[in-house]
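Enquirer: File name work22.pdb; file contents PDB, C-alpha atoms, pLDDT in the B column; full text below.
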```pdb
ATOM      1  CA  MET W   1      -0.582 -14.830   2.904  1.00 74.00           C
ATOM      2  CA  ALA W   2      -0.112 -15.501  -0.796  1.00 84.00           C
ATOM      3  CA  ILE W   3      -2.609 -17.897  -2.323  1.00 85.00           C
ATOM      4  CA  ILE W   4      -1.288 -20.466  -4.774  1.00 84.00           C
ATOM      5  CA  ASN W   5      -3.661 -21.655  -7.481  1.00 82.00           C
ATOM      6  CA  VAL W   6      -1.991 -24.745  -8.911  1.00 85.00           C
ATOM      7  CA  ALA W   7      -4.624 -25.279 -11.618  1.00 87.00           C
ATOM      8  CA  GLN W   8      -4.057 -21.789 -13.043  1.00 85.00           C
ATOM      9  CA  ARG W   9      -0.317 -21.774 -12.171  1.00 80.00           C
ATOM     10  CA  GLU W  10      -0.787 -18.487 -10.400  1.00 84.00           C
ATOM     11  CA  ILE W  11       0.302 -16.956  -7.099  1.00 86.00           C
ATOM     12  CA  ARG W  12      -2.017 -14.271  -5.771  1.00 86.00           C
ATOM     13  CA  CYS W  13      -0.468 -11.679  -3.485  1.00 89.00           C
ATOM     14  CA  LYS W  14      -2.281  -9.032  -1.475  1.00 92.00           C
ATOM     15  CA  ILE W  15      -0.895  -5.519  -1.135  1.00 94.00           C
ATOM     16  CA  VAL W  16      -2.701  -2.975   1.024  1.00 95.00           C
ATOM     17  CA  TYR W  17      -2.317   0.795   0.810  1.00 95.00           C
ATOM     18  CA  TYR W  18      -2.600   2.016   4.396  1.00 96.00           C
ATOM     19  CA  GLY W  19      -2.454   5.466   5.986  1.00 95.00           C
ATOM     20  CA  PRO W  20      -4.459   8.263   7.548  1.00 94.00           C
ATOM     21  CA  GLY W  21      -7.573   9.705   5.980  1.00 89.00           C
ATOM     22  CA  LEU W  22      -7.161  11.677   2.760  1.00 90.00           C
ATOM     23  CA  CYS W  23      -3.430  10.943   2.451  1.00 94.00           C
ATOM     24  CA  GLY W  24      -3.667   9.674  -1.153  1.00 94.00           C
ATOM     25  CA  LYS W  25      -4.269   5.920  -0.915  1.00 92.00           C
ATOM     26  CA  THR W  26      -7.243   6.006  -3.273  1.00 88.00           C
ATOM     27  CA  THR W  27      -5.437   8.398  -5.610  1.00 92.00           C
ATOM     28  CA  ASN W  28      -2.578   5.892  -5.892  1.00 94.00           C
ATOM     29  CA  LEU W  29      -4.892   3.027  -6.786  1.00 90.00           C
ATOM     30  CA  LYS W  30      -6.920   5.057  -9.261  1.00 89.00           C
ATOM     31  CA  TYR W  31      -3.749   6.173 -11.034  1.00 94.00           C
ATOM     32  CA  ILE W  32      -2.368   2.615 -11.183  1.00 92.00           C
ATOM     33  CA  HIS W  33      -5.668   1.271 -12.465  1.00 86.00           C
ATOM     34  CA  LYS W  34      -5.845   3.952 -15.136  1.00 90.00           C
ATOM     35  CA  MET W  35      -2.299   3.259 -16.376  1.00 90.00           C
ATOM     36  CA  VAL W  36      -2.215  -0.567 -16.317  1.00 86.00           C
ATOM     37  CA  PRO W  37      -3.150  -2.066 -19.722  1.00 84.00           C
ATOM     38  CA  GLU W  38      -6.713  -3.388 -19.966  1.00 82.00           C
ATOM     39  CA  THR W  39      -5.473  -6.897 -20.691  1.00 79.00           C
ATOM     40  CA  ALA W  40      -3.555  -7.046 -17.410  1.00 80.00           C
ATOM     41  CA  LYS W  41      -6.192  -5.906 -14.918  1.00 76.00           C
ATOM     42  CA  ASN W  42      -9.693  -6.506 -13.664  1.00 80.00           C
ATOM     43  CA  LYS W  43     -12.358  -3.937 -12.976  1.00 82.00           C
ATOM     44  CA  MET W  44     -11.858  -1.701  -9.944  1.00 81.00           C
ATOM     45  CA  ILE W  45     -14.388  -2.498  -7.252  1.00 80.00           C
ATOM     46  CA  SER W  46     -15.430   0.071  -4.706  1.00 78.00           C
ATOM     47  CA  ILE W  47     -17.126  -1.098  -1.545  1.00 73.00           C
ATOM     48  CA  ASP W  48     -18.953   1.974  -0.333  1.00 67.00           C
ATOM     49  CA  THR W  49     -20.957   2.476   2.789  1.00 60.00           C
ATOM     50  CA  GLU W  50     -22.601   5.668   3.890  1.00 59.00           C
ATOM     51  CA  THR W  51     -19.346   7.056   5.267  1.00 57.00           C
ATOM     52  CA  GLU W  52     -16.411   4.938   4.041  1.00 56.00           C
ATOM     53  CA  ARG W  53     -14.926   3.419   0.917  1.00 59.00           C
ATOM     54  CA  THR W  54     -12.566   0.530   0.265  1.00 63.00           C
ATOM     55  CA  LEU W  55     -11.182   0.045  -3.237  1.00 60.00           C
ATOM     56  CA  PHE W  56      -9.913  -3.175  -4.754  1.00 67.00           C
ATOM     57  CA  PHE W  57      -8.638  -4.491  -8.053  1.00 60.00           C
ATOM     58  CA  ASP W  58      -6.150  -7.049  -9.192  1.00 59.00           C
ATOM     59  CA  PHE W  59      -3.654  -7.020 -11.985  1.00 58.00           C
ATOM     60  CA  LEU W  60      -1.012  -9.147 -13.580  1.00 56.00           C
ATOM     61  CA  PRO W  61       2.290  -7.267 -13.721  1.00 60.00           C
ATOM     62  CA  LEU W  62       3.978  -7.568 -17.059  1.00 48.00           C
ATOM     63  CA  ASP W  63       7.595  -7.133 -15.986  1.00 53.00           C
ATOM     64  CA  LEU W  64       8.032  -9.210 -12.807  1.00 59.00           C
ATOM     65  CA  GLY W  65       8.141 -12.596 -14.466  1.00 63.00           C
ATOM     66  CA  THR W  66       7.297 -15.871 -12.777  1.00 68.00           C
ATOM     67  CA  VAL W  67       8.097 -17.576  -9.464  1.00 74.00           C
ATOM     68  CA  HIS W  68       8.985 -21.260  -9.989  1.00 78.00           C
ATOM     69  CA  GLY W  69       6.888 -21.260 -13.154  1.00 81.00           C
ATOM     70  CA  PHE W  70       3.900 -19.547 -11.535  1.00 84.00           C
ATOM     71  CA  GLN W  71       2.618 -16.175 -12.740  1.00 82.00           C
ATOM     72  CA  THR W  72       2.128 -13.588  -9.991  1.00 85.00           C
ATOM     73  CA  ARG W  73      -1.088 -11.633  -9.679  1.00 84.00           C
ATOM     74  CA  PHE W  74      -1.392  -8.742  -7.260  1.00 87.00           C
ATOM     75  CA  HIS W  75      -4.567  -7.763  -5.480  1.00 88.00           C
ATOM     76  CA  LEU W  76      -4.370  -4.097  -4.470  1.00 90.00           C
ATOM     77  CA  TYR W  77      -6.544  -2.693  -1.697  1.00 90.00           C
ATOM     78  CA  THR W  78      -7.021   0.595   0.072  1.00 89.00           C
ATOM     79  CA  VAL W  79      -8.392   0.985   3.556  1.00 86.00           C
ATOM     80  CA  PRO W  80     -10.479   3.838   4.930  1.00 80.00           C
ATOM     81  CA  GLY W  81      -8.119   6.053   6.898  1.00 73.00           C
ATOM     82  CA  GLN W  82     -10.548   7.733   9.261  1.00 72.00           C
ATOM     83  CA  VAL W  83     -10.002   6.728  12.891  1.00 67.00           C
ATOM     84  CA  LEU W  84     -13.451   5.236  13.412  1.00 65.00           C
ATOM     85  CA  TYR W  85     -12.913   2.557  10.721  1.00 74.00           C
ATOM     86  CA  GLU W  86     -10.289   0.516  12.547  1.00 78.00           C
ATOM     87  CA  ARG W  87     -12.337  -2.696  12.232  1.00 82.00           C
ATOM     88  CA  THR W  88     -12.483  -2.336   8.461  1.00 80.00           C
ATOM     89  CA  ARG W  89      -8.723  -1.757   8.315  1.00 84.00           C
ATOM     90  CA  VAL W  90      -8.095  -4.875  10.414  1.00 87.00           C
ATOM     91  CA  ALA W  91     -10.382  -6.921   8.142  1.00 85.00           C
ATOM     92  CA  VAL W  92      -8.686  -5.709   4.956  1.00 88.00           C
ATOM     93  CA  LEU W  93      -5.242  -6.496   6.429  1.00 92.00           C
ATOM     94  CA  THR W  94      -6.176 -10.145   6.970  1.00 92.00           C
ATOM     95  CA  GLY W  95      -3.842 -12.236   4.830  1.00 92.00           C
ATOM     96  CA  VAL W  96      -1.822  -9.245   3.614  1.00 95.00           C
ATOM     97  CA  ASP W  97       1.547  -9.917   1.951  1.00 95.00           C
ATOM     98  CA  GLY W  98       2.856  -6.345   1.803  1.00 97.00           C
ATOM     99  CA  VAL W  99       1.883  -2.798   2.755  1.00 98.00           C
ATOM    100  CA  VAL W 100       2.445   0.604   1.226  1.00 98.00           C
ATOM    101  CA  PHE W 101       2.124   3.133   4.025  1.00 98.00           C
ATOM    102  CA  VAL W 102       1.048   6.425   2.449  1.00 98.00           C
ATOM    103  CA  ALA W 103       1.958   9.423   4.586  1.00 98.00           C
ATOM    104  CA  ASP W 104       0.622  12.936   4.029  1.00 98.00           C
ATOM    105  CA  SER W 105       3.523  15.425   3.840  1.00 98.00           C
ATOM    106  CA  GLN W 106       1.548  18.358   5.238  1.00 98.00           C
ATOM    107  CA  PRO W 107       2.708  19.521   8.716  1.00 98.00           C
ATOM    108  CA  ASN W 108      -0.789  19.368  10.226  1.00 98.00           C
ATOM    109  CA  LYS W 109      -1.009  15.666   9.238  1.00 97.00           C
ATOM    110  CA  MET W 110       2.162  14.426  10.958  1.00 98.00           C
ATOM    111  CA  ARG W 111       0.377  13.328  14.136  1.00 98.00           C
ATOM    112  CA  ASP W 112      -2.180  11.408  12.022  1.00 96.00           C
ATOM    113  CA  ASN W 113       0.679   9.753  10.097  1.00 98.00           C
ATOM    114  CA  ILE W 114       2.402   8.663  13.320  1.00 98.00           C
ATOM    115  CA  GLU W 115      -0.787   7.318  14.876  1.00 96.00           C
ATOM    116  CA  SER W 116      -1.741   5.448  11.705  1.00 96.00           C
ATOM    117  CA  LEU W 117       1.729   3.882  11.430  1.00 98.00           C
ATOM    118  CA  ARG W 118       1.570   2.764  15.077  1.00 97.00           C
ATOM    119  CA  GLU W 119      -1.836   1.214  14.450  1.00 96.00           C
ATOM    120  CA  LEU W 120      -0.501  -0.560  11.360  1.00 97.00           C
ATOM    121  CA  ALA W 121       2.410  -1.990  13.369  1.00 97.00           C
ATOM    122  CA  GLN W 122       0.015  -3.309  15.997  1.00 97.00           C
ATOM    123  CA  ASN W 123      -2.339  -4.778  13.403  1.00 95.00           C
ATOM    124  CA  ILE W 124       0.527  -6.570  11.620  1.00 97.00           C
ATOM    125  CA  LYS W 125       1.699  -7.907  14.986  1.00 96.00           C
ATOM    126  CA  ASN W 126      -1.859  -9.100  15.672  1.00 94.00           C
ATOM    127  CA  GLU W 127      -1.640 -11.019  12.367  1.00 91.00           C
ATOM    128  CA  GLY W 128       1.211 -12.981  13.957  1.00 93.00           C
ATOM    129  CA  LYS W 129       3.917 -11.272  11.888  1.00 94.00           C
ATOM    130  CA  LYS W 130       6.995  -9.264  12.896  1.00 95.00           C
ATOM    131  CA  PHE W 131       6.516  -5.692  11.735  1.00 96.00           C
ATOM    132  CA  LYS W 132      10.227  -4.989  11.234  1.00 92.00           C
ATOM    133  CA  ASP W 133      10.532  -8.033   8.935  1.00 94.00           C
ATOM    134  CA  PHE W 134       7.276  -7.421   7.084  1.00 97.00           C
ATOM    135  CA  PRO W 135       7.342  -6.163   3.443  1.00 98.00           C
ATOM    136  CA  LEU W 136       6.678  -2.445   3.907  1.00 98.00           C
ATOM    137  CA  VAL W 137       7.329   0.627   1.794  1.00 98.00           C
ATOM    138  CA  LEU W 138       6.715   4.201   2.918  1.00 98.00           C
ATOM    139  CA  GLN W 139       5.388   6.696   0.421  1.00 98.00           C
ATOM    140  CA  TYR W 140       5.643  10.361   1.356  1.00 98.00           C
ATOM    141  CA  ASN W 141       2.793  11.810  -0.672  1.00 98.00           C
ATOM    142  CA  LYS W 142       1.836  15.399  -1.486  1.00 98.00           C
ATOM    143  CA  ARG W 143       5.458  16.472  -1.870  1.00 98.00           C
ATOM    144  CA  ASP W 144       4.272  19.272  -4.154  1.00 98.00           C
ATOM    145  CA  MET W 145       2.576  21.118  -1.294  1.00 98.00           C
ATOM    146  CA  PRO W 146       4.328  24.435  -0.579  1.00 97.00           C
ATOM    147  CA  ASN W 147       4.495  23.635   3.149  1.00 97.00           C
ATOM    148  CA  ALA W 148       5.563  19.978   2.786  1.00 98.00           C
ATOM    149  CA  VAL W 149       7.536  18.695   5.751  1.00 98.00           C
ATOM    150  CA  PRO W 150      11.210  18.287   4.777  1.00 98.00           C
ATOM    151  CA  LEU W 151      12.161  14.755   3.808  1.00 98.00           C
ATOM    152  CA  GLU W 152      14.633  14.457   6.698  1.00 98.00           C
ATOM    153  CA  GLN W 153      11.844  15.162   9.200  1.00 98.00           C
ATOM    154  CA  MET W 154       9.467  12.730   7.502  1.00 98.00           C
ATOM    155  CA  ASN W 155      12.134  10.038   7.823  1.00 98.00           C
ATOM    156  CA  TYR W 156      12.904  10.981  11.424  1.00 98.00           C
ATOM    157  CA  TYR W 157       9.286  10.739  12.594  1.00 98.00           C
ATOM    158  CA  LEU W 158       8.148   7.802  10.478  1.00 98.00           C
ATOM    159  CA  ASN W 159      11.145   5.748   9.416  1.00 98.00           C
ATOM    160  CA  SER W 160      14.014   6.125  11.883  1.00 96.00           C
ATOM    161  CA  GLN W 161      13.060   2.889  13.699  1.00 94.00           C
ATOM    162  CA  LEU W 162      12.022   0.945  10.601  1.00 96.00           C
ATOM    163  CA  ASN W 163      14.656   1.874   8.051  1.00 96.00           C
ATOM    164  CA  ALA W 164      12.165   0.906   5.321  1.00 98.00           C
ATOM    165  CA  ARG W 165      12.519   2.046   1.731  1.00 98.00           C
ATOM    166  CA  SER W 166      10.698   5.316   1.165  1.00 98.00           C
ATOM    167  CA  PHE W 167       9.569   7.171  -1.939  1.00 98.00           C
ATOM    168  CA  GLU W 168       8.522  10.741  -2.517  1.00 98.00           C
ATOM    169  CA  ALA W 169       5.263  11.059  -4.411  1.00 98.00           C
ATOM    170  CA  VAL W 170       2.650  13.325  -5.883  1.00 98.00           C
ATOM    171  CA  ALA W 171       0.011  10.665  -6.467  1.00 98.00           C
ATOM    172  CA  SER W 172      -2.405  13.071  -8.138  1.00 97.00           C
ATOM    173  CA  ARG W 173       0.126  13.423 -10.979  1.00 98.00           C
ATOM    174  CA  GLY W 174       1.463   9.863 -10.809  1.00 98.00           C
ATOM    175  CA  VAL W 175       4.871  10.924  -9.500  1.00 98.00           C
ATOM    176  CA  GLY W 176       6.413   8.089  -7.482  1.00 98.00           C
ATOM    177  CA  VAL W 177       3.327   5.885  -7.764  1.00 98.00           C
ATOM    178  CA  PHE W 178       4.811   3.132  -9.922  1.00 96.00           C
ATOM    179  CA  ASP W 179       8.219   3.315  -8.231  1.00 97.00           C
ATOM    180  CA  THR W 180       6.477   2.553  -4.944  1.00 98.00           C
ATOM    181  CA  LEU W 181       4.382  -0.244  -6.455  1.00 95.00           C
ATOM    182  CA  LYS W 182       7.340  -1.891  -8.186  1.00 94.00           C
ATOM    183  CA  PHE W 183       9.402  -1.893  -5.005  1.00 97.00           C
ATOM    184  CA  ILE W 184       6.679  -3.363  -2.763  1.00 97.00           C
ATOM    185  CA  SER W 185       5.912  -5.961  -5.453  1.00 93.00           C
ATOM    186  CA  LYS W 186       9.548  -7.053  -5.551  1.00 93.00           C
ATOM    187  CA  LEU W 187       9.675  -7.187  -1.736  1.00 95.00           C
ATOM    188  CA  VAL W 188       6.591  -9.400  -1.656  1.00 94.00           C
ATOM    189  CA  ILE W 189       7.962 -11.698  -4.364  1.00 91.00           C
ATOM    190  CA  SER W 190      11.306 -11.975  -2.569  1.00 90.00           C
ATOM    191  CA  LYS W 191       9.440 -13.258   0.526  1.00 88.00           C
ATOM    192  CA  LEU W 192       7.814 -16.010  -1.553  1.00 78.00           C
TER
END
```
Can you give me the file's structure in the form of structure tokens?

Expert:
Amino acid sequence: MAIINVAQREIRCKIVYYGPGLCGKTTNLKYIHKMVPETAKNKMISIDTETERTLFFDFLPLDLGTVHGFQTRFHLYTVPGQVLYERTRVAVLTGVDGVVFVADSQPNKMRDNIESLRELAQNIKNEGKKFKDFPLVLQYNKRDMPNAVPLEQMNYYLNSQLNARSFEAVASRGVGVFDTLKFISKLVISKL
């Protein structure tokens, strides 16, 4: 849920990058952080434990303007994708305004993508929100892999029920990263 700071005339929105382990969530955030001007972002914070990592930073987008005279600030998070960190994912999703679901385009990762998307749907429902109405963008990452699952199949398995906007990406090179971010940001703002 967006937080409104009247004193600073600012609306703070939370966007979470969600998906299976090693799908490219962290790569997305690192690329965004690297490319956003220093004056528009805070330091990236990494919360590391022995076996997991959650990244966070916030930034002030330069091209989205204001909402009723309030500047929008986005807090971007990743969640650990490994199955055993479900509690951490649930905690990070608390108060979320929008989600980028990052799917790995490799054939051997399709089952992980499907299971992670199902878990996300349940977690959003547990937040008291309707998943089909929730601001969600799918990012099909690792499209440069020689064995990448065809786009039609990615959509069939992950998006046929949702009909969410999807983007192809190669996060390691920045391809599709900002297109995805801009679209989820606009979706979140439109819900405000």

Enquirer: Separation of CA of Arg87 (chain W) and CA of Asn42 (chain W), in Å?

Expert: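 For CA of Arg87 (chain W) relative to CA of Asn42 (chain W), the distance reads 26.3 Å.
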
Enquirer: What is the distance, in Å and to one decimal place, between CA of Val137 (chain W) and CA of Val100 (chain W)?

Expert: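 We find that CA of Val137 (chain W) and CA of Val100 (chain W) lie 4.9 Å from each other.
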
Enquirer: I'd like the box whose edges run along x, y and z of the file and which contains every listed atom of region 149-158 of chain W, padded by 8 Å per side; could you state its centre and edge lengths in Å, one decimal, as AutoDock Vina command-line options?

Expert:
```
--center_x 11.1 --center_y 13.2 --center_z 8.2 --size_x 23.1 --size_y 26.9 --size_z 24.8
```

Enquirer: Tell me which of W:His33, W:Leu117, W:Gly69, W:Gly128 sits closest to Gln161 (chain W), counting only C-alpha atoms.

Expert: W:Leu117

Enquirer: Can you give me, as a list in words, the residues this file yields under the PyMOL selection byres ((chain W and resi 174-190) around 7)?

Expert: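 Evaluating the PyMOL selection byres ((chain W and resi 174-190) around 7) on these coordinates yields Asn28, Tyr31, Asp97, Gly98, Pro135, Leu136, Val137, Gln139, Phe167, Glu168, Ala169, Val170, Ala171, Ser172, Arg173, Lys191 and Leu192 of chain W.
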
Enquirer: Pull C-alpha atoms from the residues just selected and write them as a PDB file, in the frame of the given file.

Expert:
```pdb
ATOM      1  CA  ASN W  28      -2.578   5.892  -5.892  1.00 94.00           C
ATOM      2  CA  TYR W  31      -3.749   6.173 -11.034  1.00 94.00           C
ATOM      3  CA  ASP W  97       1.547  -9.917   1.951  1.00 95.00           C
ATOM      4  CA  GLY W  98       2.856  -6.345   1.803  1.00 97.00           C
ATOM      5  CA  PRO W 135       7.342  -6.163   3.443  1.00 98.00           C
ATOM      6  CA  LEU W 136       6.678  -2.445   3.907  1.00 98.00           C
ATOM      7  CA  VAL W 137       7.329   0.627   1.794  1.00 98.00           C
ATOM      8  CA  GLN W 139       5.388   6.696   0.421  1.00 98.00           C
ATOM      9  CA  PHE W 167       9.569   7.171  -1.939  1.00 98.00           C
ATOM     10  CA  GLU W 168       8.522  10.741  -2.517  1.00 98.00           C
ATOM     11  CA  ALA W 169       5.263  11.059  -4.411  1.00 98.00           C
ATOM     12  CA  VAL W 170       2.650  13.325  -5.883  1.00 98.00           C
ATOM     13  CA  ALA W 171       0.011  10.665  -6.467  1.00 98.00           C
ATOM     14  CA  SER W 172      -2.405  13.071  -8.138  1.00 97.00           C
ATOM     15  CA  ARG W 173       0.126  13.423 -10.979  1.00 98.00           C
ATOM     16  CA  LYS W 191       9.440 -13.258   0.526  1.00 88.00           C
ATOM     17  CA  LEU W 192       7.814 -16.010  -1.553  1.00 78.00           C
TER      18      LEU W 192
END
```

Enquirer: Which residues are close to Ala148 (chain W), i.e. within 10 Å by only C-alpha atoms, leaving aside same-chain residues fewer than 5 positions away? Reply as a list in words.

Expert: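 Neighbouring residues, sequence-local ones excluded: Asp104, Ser105, Gln106, Pro107, Asn108, Tyr140, Asn141, Lys142, Arg143 and Met154 of chain W.
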
Enquirer: Could the residues in this selection be written to a file with C-alpha atoms, as a PDB file, in the frame of the given file?

Expert:
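Written out: out.pdb:
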```
ATOM      1  CA  ASP W 104       0.622  12.936   4.029  1.00 98.00           C
ATOM      2  CA  SER W 105       3.523  15.425   3.840  1.00 98.00           C
ATOM      3  CA  GLN W 106       1.548  18.358   5.238  1.00 98.00           C
ATOM      4  CA  PRO W 107       2.708  19.521   8.716  1.00 98.00           C
ATOM      5  CA  ASN W 108      -0.789  19.368  10.226  1.00 98.00           C
ATOM      6  CA  TYR W 140       5.643  10.361   1.356  1.00 98.00           C
ATOM      7  CA  ASN W 141       2.793  11.810  -0.672  1.00 98.00           C
ATOM      8  CA  LYS W 142       1.836  15.399  -1.486  1.00 98.00           C
ATOM      9  CA  ARG W 143       5.458  16.472  -1.870  1.00 98.00           C
ATOM     10  CA  MET W 154       9.467  12.730   7.502  1.00 98.00           C
TER      11      MET W 154
END
```

Enquirer: With all atoms listed in the file as the counted atoms, please give the residues lying no more than 7 Å from Phe70 (chain W), apart from itself and same-chain residues fewer than 2 positions off, as a list in words.

Expert: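 Contacts, in chain order: Arg9, Glu10, Ile11, Thr66, Val67, His68 and Thr72 of chain W.
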
Enquirer: Excluding same-chain residues fewer than 6 positions from Leu93 (chain W), what lies within 10 Å of it counting all atoms listed in the file, as JSON, numbers by chain?

Expert: {"W": [14, 15, 16, 17, 18, 77, 78, 79, 87, 99, 120, 123, 124, 127]}

Enquirer: Rank nothing, just name the residue among W:Asp144, W:Val102, W:Glu115, W:Ser160 nearest to Thr27 (chain W), using all atoms listed in the file.

Expert: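 Among W:Asp144, W:Val102, W:Glu115, W:Ser160, it is W:Val102 that comes nearest to Thr27 (chain W).
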
Enquirer: Can you measure CA of Cys13 (chain W) to CA of Gln82 (chain W) for me? One decimal in Å is fine.

Expert: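 Those two atoms sit 25.3 Å apart.
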